[in-house]
Amino acid sequence: MTISQEIANLTEDSGQDLPEENVQIGSIQGTVVGLRYYTGTVNRGEMVSLVREPQNPYDRNAVMVANVYGRQVGHIKKELAAPMAYIMDNNLARVEGVVPYGETNKFSMPVNLTFWSKEENRDAVHNQMRRHGFKLGTEFKGSLIWYSTKTSLGRDLLIFVTSYQLKNAFDKLFDDLMEDKTREMEPAEAVCTALLPHQKQALSWMTSRENSNDLPPFWEEKSGLYFNVLTNFAVKERPEKVLGGILADDMGLGKTLTTIALIVSNFHNGKPLPLEQITMCCRTLTHTIVILFICVDHEESCEPVSSSHLKRLHADGVSADTIEEDAPQKKGWLLFCVLMQCTLLFESLGLARFFFFFFFKEVSYAQNTIKTVVLKNIIDQFEQHIRADVTLKVYLYYGAERKRSVKLLSEQDVVLTTYNVLSSDFGNKANSPLHKVNWLRVVLDEGHVVRNPNALQSKAVLELQSERRWILSGTPIQNSLKDLYMLMSFLKLKPFDVKEWWSRIIQRPVTMGDRVGLKNLQVLVKGITLRRTKNSKVAGRMLVQLPERRVFVQHVTLSEEEREEYEQVRKEGRKIIGRYFEEGTIMTNYADVLAILVRLRQYCCHPGLVAKYTGADDPGTPNELREHLINKITLVLNSGSDEECAICLDSLRQPVITYCAHVYCRPCICEVIRSEKQARCPLCRAQIKTRELVEYPGEEMQAGAATGENWRSSSKVDALMSNLLKLRQEDPTVKSLVVSQFTRFMDLIEVPLREYGFSFTRLDGTMAQKTRAKAIQDFQDSSPGNPTIMLLSLKAGGVGINLTAASHVFMMDPAWNPAAEDQCVDRCHRLGQSRDVVITKFIVKDSVEENMVKIQKKKQELVEKAFGVKKPMDLKQARMEEIRALMEI
DNA sequence: ACCGCCGGGTGCC
DNA sequence: ACCGCCGGGTGCC
């Protein structure tokens, strides 16, 4: 059982609803009567659906016949309807109809009826029919081959092709169908980020899909009728436009950026969204133009956490009995975060035996916090990519205090919310403002998470009124072809938005290995999807082609003197922490623990980094204790250490300190407080209040690491210098980034750099915007005399910083968060980098640093375990993977 | 429906 | 004439 299957089993209906598990148990020709009373028409070879009509006043056995568009065609003749009604009502079989000929008849027409059911129902069905004088035969191969009357008698269509054949067939098709998706489009001026070529292509494609007046995919106009080339259906009415589609680019290709560009670039009539300039231009809105952006967990963690994950964690020694089943997702996350935090603390102290020593009785807080973090990320993206002098009205429809005003929502340019909020509003019938607005555009971020059509959130999504609809997803098919059905349903791509037709035309043929079915699926997906992977090629060139990235770990041995000092600090630290354990106050003394850790890490880098240790003074009054701890944690943060927020597990943003001396991102902890009646600290369960949160004052320049005459080197600095000197000797043009979390360490490194005549520059969080830009510019300039080394603080600057001039990165000290290190490397290993990038990580042997590396790995494993990133594949799964690979989705 | 069925008109050849 | 036959009216469930 894979995790995704477990989830699927939890949520999906079974048995009767899976037609692919049914077999054809017989068929018979019947008659559709009463044609002249209804408007529904059919074509030769077209499928019809049979619907029981128990309320019919003339015959409670009535079986109504409808065409693909749901228009009634007629009824099944009453004699036949009688046994059929019994079979249908008792779920003995599904009956499907195809009209083989006589499509122009005025009064009645034949219909080939095919009965599908489980083998065990075969006799019951046959007997029931026989009792009414009907004999089921096998003369029709059934609706599987509805699509061509010419071949409907042939048997050769039931060919089960091998996956190899499938792939070949697909590749061929793919070439034929490759439409031009390479046209580029410039975004509106309000977008300040330069789009990459493939993003401009996506923008162009999305824009054309929104503005096009063309018929929806697969429709053609033929002599006054609208003809669906995919299905052979024809209708008189022009089919409804499908404005939108699926943007299924791989992770990291910038789906969000492209969508933001689309939002501002394609408003009405292909014109950009009129944005408020600083100079105030009047915004005239002709109709509701709000865009709903629905987002869920971050891309990497798209698998919801199910109760099975909790069980896994349980196996690691954690009691999960307090976790209610109804919200396993949220609680799983939370549990996960807390565990992570504990792991880090204990393991880094070599106290692994205390691993999960304690656990919180109550983990029901902060249920929604993680969502906030994701939403916050998206808002950040808007801020990052939209020019600062234009105002986009973005409303975060989230949290208990969200304003449920249709008017307010209608006035926004963008409304962000989560699937949870949407469905909880939708559940409270008649009071869902999101469902009362006519949106211009609805975008489902990570749209594949909405995949079970029976789930409330799916229904809520489907009920949204919108002109244009988009699905963003790196993996639109998560688990089964059915996932796609939900997406078609959302896009209102007729007739696939109705389960029966989706099943009969696509789902069943494909699962049975029918190649025409597969072809149709391909055409269908291709027509509405833009999908590129990192390996996709544009005009023969890789979409994103990056040079190699190699990581080396260089172990550093401390000198005897350094080792002595280190051991002494470690012993002291263990003593103090050991006492906290005995007292059971480890979490209340969190700040102290952190401070000890930071000191150890600093010793690994350079003894001169370490601030004078004040010792674990006996606390006086509780207030004094708090003050003491707050000072301590401020010290930790001031050192530049990359601490994590225990709620979002990411690097701290706008850090605040609680009275109980725990540090969180302000938005994260505020959300916790908001969502709880009696807010408690996630780490120690002390009561917390918003007004008691203490702002972290921000990085201050620390007085004097000894950079003057007292300067001495350290083993790590020596290791760095020998690397740099060797590099310079080999190739003087090579540029390097020297990265540390401790800004004062950077001060210290400056000394030998100067001494050896290196030209260097520096970038850290304390620098003014202007100075930073200058530093980057100088460094990027390759002309002689410009710096070849940049001292970079791990968290300096936004994601956008471009340091491609560097091809070597020296990570001076490990971070808690591997992602932070990766992001840092990304600043030079990105588009524009021409050389291979070599990353050297210095790790001090037998030290807290080695433990941190272990933790990084463990954390990765835990993440994988919890989110099922690496899951074993069984056969069904493998089949799914195959299809997914074939479809390139 | 160029059918079937119903029910009124009609009634030797 | 309590039938047969004719031909008009009519027609899903």
# chains A, B, ... in the order shown; residues from 1 in each chain; ligands from 1
>>> residues_around(residues="range 7-11 of chain B", least_positions_apart="2", cutoff="12 Å", atoms="only C-alpha atoms (C1' of nucleotides)", output="list in words")
DC5 of chain B; DA1, DC3, DG4, DC5, DC6, DG7, DG8, DG9 and DT10 of chain C
>>> write_last_selection(atoms="N, CA and C atoms (P, O5', C5', C4', C3', O3' and C1' of nucleotides)", output="short mmCIF file (atom, residue, chain, number, x, y, z; two decimals), in the first residue's frame")
data_model
loop_
_atom_site.label_atom_id
_atom_site.label_comp_id
_atom_site.auth_asym_id
_atom_site.auth_seq_id
_atom_site.Cartn_x
_atom_site.Cartn_y
_atom_site.Cartn_z
P DC B 5 -51.30 -4.45 -32.53
"O5'" DC B 5 -52.20 -3.24 -31.99
"C5'" DC B 5 -51.69 -2.38 -30.98
"C4'" DC B 5 -52.71 -1.29 -30.73
"C3'" DC B 5 -54.14 -1.79 -30.52
"O3'" DC B 5 -54.59 -1.36 -29.25
"C1'" DC B 5 -54.09 0.02 -32.07
P DA C 1 -77.44 -11.25 -34.47
"O5'" DA C 1 -76.29 -10.13 -34.29
"C5'" DA C 1 -75.27 -9.89 -34.89
"C4'" DA C 1 -74.48 -8.63 -34.88
"C3'" DA C 1 -75.10 -7.30 -34.34
"O3'" DA C 1 -74.08 -6.60 -33.65
"C1'" DA C 1 -74.41 -6.99 -36.53
P DC C 3 -69.27 -10.47 -30.58
"O5'" DC C 3 -68.36 -11.22 -31.66
"C5'" DC C 3 -67.98 -10.47 -32.79
"C4'" DC C 3 -68.31 -11.21 -34.05
"C3'" DC C 3 -67.35 -10.77 -35.16
"O3'" DC C 3 -66.22 -11.64 -35.22
"C1'" DC C 3 -69.62 -10.40 -35.84
P DG C 4 -66.10 -12.97 -36.06
"O5'" DG C 4 -65.59 -12.60 -37.52
"C5'" DG C 4 -64.83 -11.43 -37.76
"C4'" DG C 4 -65.03 -11.08 -39.23
"C3'" DG C 4 -63.85 -10.36 -39.82
"O3'" DG C 4 -63.73 -10.65 -41.19
"C1'" DG C 4 -65.72 -8.90 -39.77
P DC C 5 -62.40 -10.19 -41.93
"O5'" DC C 5 -62.77 -8.75 -42.53
"C5'" DC C 5 -63.72 -8.66 -43.58
"C4'" DC C 5 -63.98 -7.21 -43.88
"C3'" DC C 5 -62.71 -6.38 -44.13
"O3'" DC C 5 -62.77 -5.82 -45.43
"C1'" DC C 5 -64.21 -5.24 -42.66
P DC C 6 -61.47 -5.06 -46.04
"O5'" DC C 6 -61.87 -3.53 -45.80
"C5'" DC C 6 -63.06 -3.03 -46.40
"C4'" DC C 6 -63.28 -1.62 -45.90
"C3'" DC C 6 -62.03 -0.73 -46.01
"O3'" DC C 6 -62.28 0.29 -46.96
"C1'" DC C 6 -63.10 -0.50 -43.86
P DG C 7 -60.97 1.16 -47.45
"O5'" DG C 7 -60.97 2.38 -46.41
"C5'" DG C 7 -62.13 3.19 -46.25
"C4'" DG C 7 -61.91 4.13 -45.08
"C3'" DG C 7 -60.56 4.86 -45.13
"O3'" DG C 7 -60.74 6.17 -44.65
"C1'" DG C 7 -60.69 3.65 -43.14
P DG C 8 -59.66 7.29 -44.99
"O5'" DG C 8 -59.89 8.25 -43.75
"C5'" DG C 8 -61.22 8.56 -43.31
"C4'" DG C 8 -61.19 8.91 -41.84
"C3'" DG C 8 -60.03 9.85 -41.44
"O3'" DG C 8 -60.53 10.81 -40.53
"C1'" DG C 8 -59.88 7.86 -40.18
P DG C 9 -59.60 11.96 -39.99
"O5'" DG C 9 -59.20 11.33 -38.57
"C5'" DG C 9 -60.21 11.11 -37.60
"C4'" DG C 9 -59.54 10.69 -36.29
"C3'" DG C 9 -58.33 11.55 -35.89
"O3'" DG C 9 -58.44 11.84 -34.50
"C1'" DG C 9 -57.70 9.28 -35.96
P DT C 10 -57.46 12.91 -33.82
"O5'" DT C 10 -56.30 11.96 -33.32
"C5'" DT C 10 -56.61 10.88 -32.46
"C4'" DT C 10 -55.45 9.93 -32.37
"C3'" DT C 10 -54.10 10.56 -32.02
"O3'" DT C 10 -53.88 10.38 -30.64
"C1'" DT C 10 -53.93 8.73 -33.55
#
>>> closest_atom_pairs(of="chain A", to="chain C", cutoff="10 Å", atoms="only C-alpha atoms (C1' of nucleotides)", output="Markdown table")
| residue | atom | partner | partner_atom | distance |
| --- | --- | --- | --- | --- |
| A:Val32 | CA | C:DC12 | C1' | 8.8 |
| A:Val33 | CA | C:DC12 | C1' | 5.6 |
| A:Gly34 | CA | C:DC12 | C1' | 4.2 |
| A:Leu35 | CA | C:DC12 | C1' | 7.9 |
| A:Arg36 | CA | C:DC12 | C1' | 9.0 |
| A:Tyr37 | CA | C:DC12 | C1' | 8.1 |
| A:Glu53 | CA | C:DC13 | C1' | 9.2 |
| A:Asn56 | CA | C:DC13 | C1' | 7.0 |
| A:Pro57 | CA | C:DC13 | C1' | 8.1 |
| A:Tyr58 | CA | C:DC13 | C1' | 5.6 |
| A:Asp59 | CA | C:DC13 | C1' | 5.9 |
| A:Arg60 | CA | C:DC13 | C1' | 8.7 |
| A:Asn61 | CA | C:DC13 | C1' | 8.7 |
| A:Ala62 | CA | C:DC13 | C1' | 5.9 |
| A:Val63 | CA | C:DC13 | C1' | 8.1 |
| A:Met64 | CA | C:DC13 | C1' | 8.4 |
| A:Gly74 | CA | C:DC12 | C1' | 7.3 |
| A:His75 | CA | C:DC13 | C1' | 6.4 |
| A:Ile76 | CA | C:DC13 | C1' | 8.1 |
| A:Lys77 | CA | C:DC12 | C1' | 7.6 |
| A:Lys78 | CA | C:DC13 | C1' | 7.0 |
| A:Ala81 | CA | C:DC13 | C1' | 9.5 |
| A:Phe107 | CA | C:DG11 | C1' | 9.0 |
| A:Ser108 | CA | C:DC12 | C1' | 9.2 |
>>> residues_around(residues="range 549-555 of chain A", least_positions_apart="5", cutoff="9 Å", atoms="only C-alpha atoms (C1' of nucleotides)", output="ChimeraX atom specification")
/A:719,829,836-845
>>> select_by_dssp(residues="range 489-572 of chain A", states="strand (DSSP E or B)", output="short mmCIF file (atom, residue, chain, number, x, y, z; two decimals) with N, CA, C and O atoms, in the first residue's frame")
data_model
loop_
_atom_site.label_atom_id
_atom_site.label_comp_id
_atom_site.auth_asym_id
_atom_site.auth_seq_id
_atom_site.Cartn_x
_atom_site.Cartn_y
_atom_site.Cartn_z
N THR A 529 -3.24 21.90 -22.01
CA THR A 529 -2.15 21.89 -21.04
C THR A 529 -0.87 22.44 -21.62
O THR A 529 -0.53 22.16 -22.77
N LEU A 530 -0.18 23.21 -20.82
CA LEU A 530 1.18 23.58 -21.17
C LEU A 530 2.08 22.92 -20.15
O LEU A 530 1.93 23.12 -18.95
N LYS A 537 13.02 21.22 -24.30
CA LYS A 537 13.85 22.05 -25.16
C LYS A 537 13.01 23.10 -25.87
O LYS A 537 11.88 22.84 -26.28
N VAL A 538 13.55 24.27 -25.99
CA VAL A 538 12.91 25.32 -26.77
C VAL A 538 13.84 25.63 -27.91
O VAL A 538 14.98 26.03 -27.71
N ARG A 541 17.17 24.20 -27.65
CA ARG A 541 17.98 24.49 -26.46
C ARG A 541 17.22 24.13 -25.21
O ARG A 541 16.01 24.27 -25.12
N MET A 542 17.96 23.69 -24.23
CA MET A 542 17.33 23.33 -22.97
C MET A 542 16.63 24.55 -22.38
O MET A 542 17.13 25.67 -22.48
N ARG A 549 26.85 21.15 -10.59
CA ARG A 549 26.97 21.72 -9.26
C ARG A 549 27.53 20.62 -8.38
O ARG A 549 26.91 19.57 -8.21
N ARG A 550 28.73 20.79 -7.91
CA ARG A 550 29.36 19.74 -7.13
C ARG A 550 29.59 20.20 -5.71
O ARG A 550 29.99 21.34 -5.47
N VAL A 551 29.32 19.32 -4.80
CA VAL A 551 29.46 19.67 -3.39
C VAL A 551 30.56 18.85 -2.75
O VAL A 551 30.59 17.63 -2.90
N PHE A 552 31.48 19.51 -2.12
CA PHE A 552 32.52 18.81 -1.36
C PHE A 552 32.41 19.20 0.10
O PHE A 552 32.14 20.35 0.42
N VAL A 553 32.62 18.22 0.94
CA VAL A 553 32.67 18.54 2.37
C VAL A 553 34.13 18.45 2.79
O VAL A 553 34.80 17.45 2.55
N GLN A 554 34.62 19.51 3.33
CA GLN A 554 36.00 19.48 3.81
C GLN A 554 35.99 19.47 5.33
O GLN A 554 35.50 20.40 5.97
N HIS A 555 36.51 18.39 5.87
CA HIS A 555 36.53 18.28 7.33
C HIS A 555 37.71 19.07 7.88
O HIS A 555 38.81 19.02 7.36
N VAL A 556 37.43 19.78 8.94
CA VAL A 556 38.46 20.61 9.55
C VAL A 556 38.74 20.06 10.94
O VAL A 556 37.81 19.74 11.68
#
>>> residues_around(residues="Cys192 in chain A", least_positions_apart="4", cutoff="8 Å", atoms="only C-alpha atoms (C1' of nucleotides)", output="CSV table (one decimal) with C-alpha atoms, in the first residue's frame")
chain,number,residue,atom,x,y,z
A,385,HIS,CA,7.3,40.7,-9.0
A,386,ILE,CA,5.1,43.7,-9.1
A,387,ARG,CA,6.7,47.1,-9.4
>>> atom_distance(atom1="CA of Thr585 in chain A", atom2="CA of Asp642 in chain A")
24.1 Å
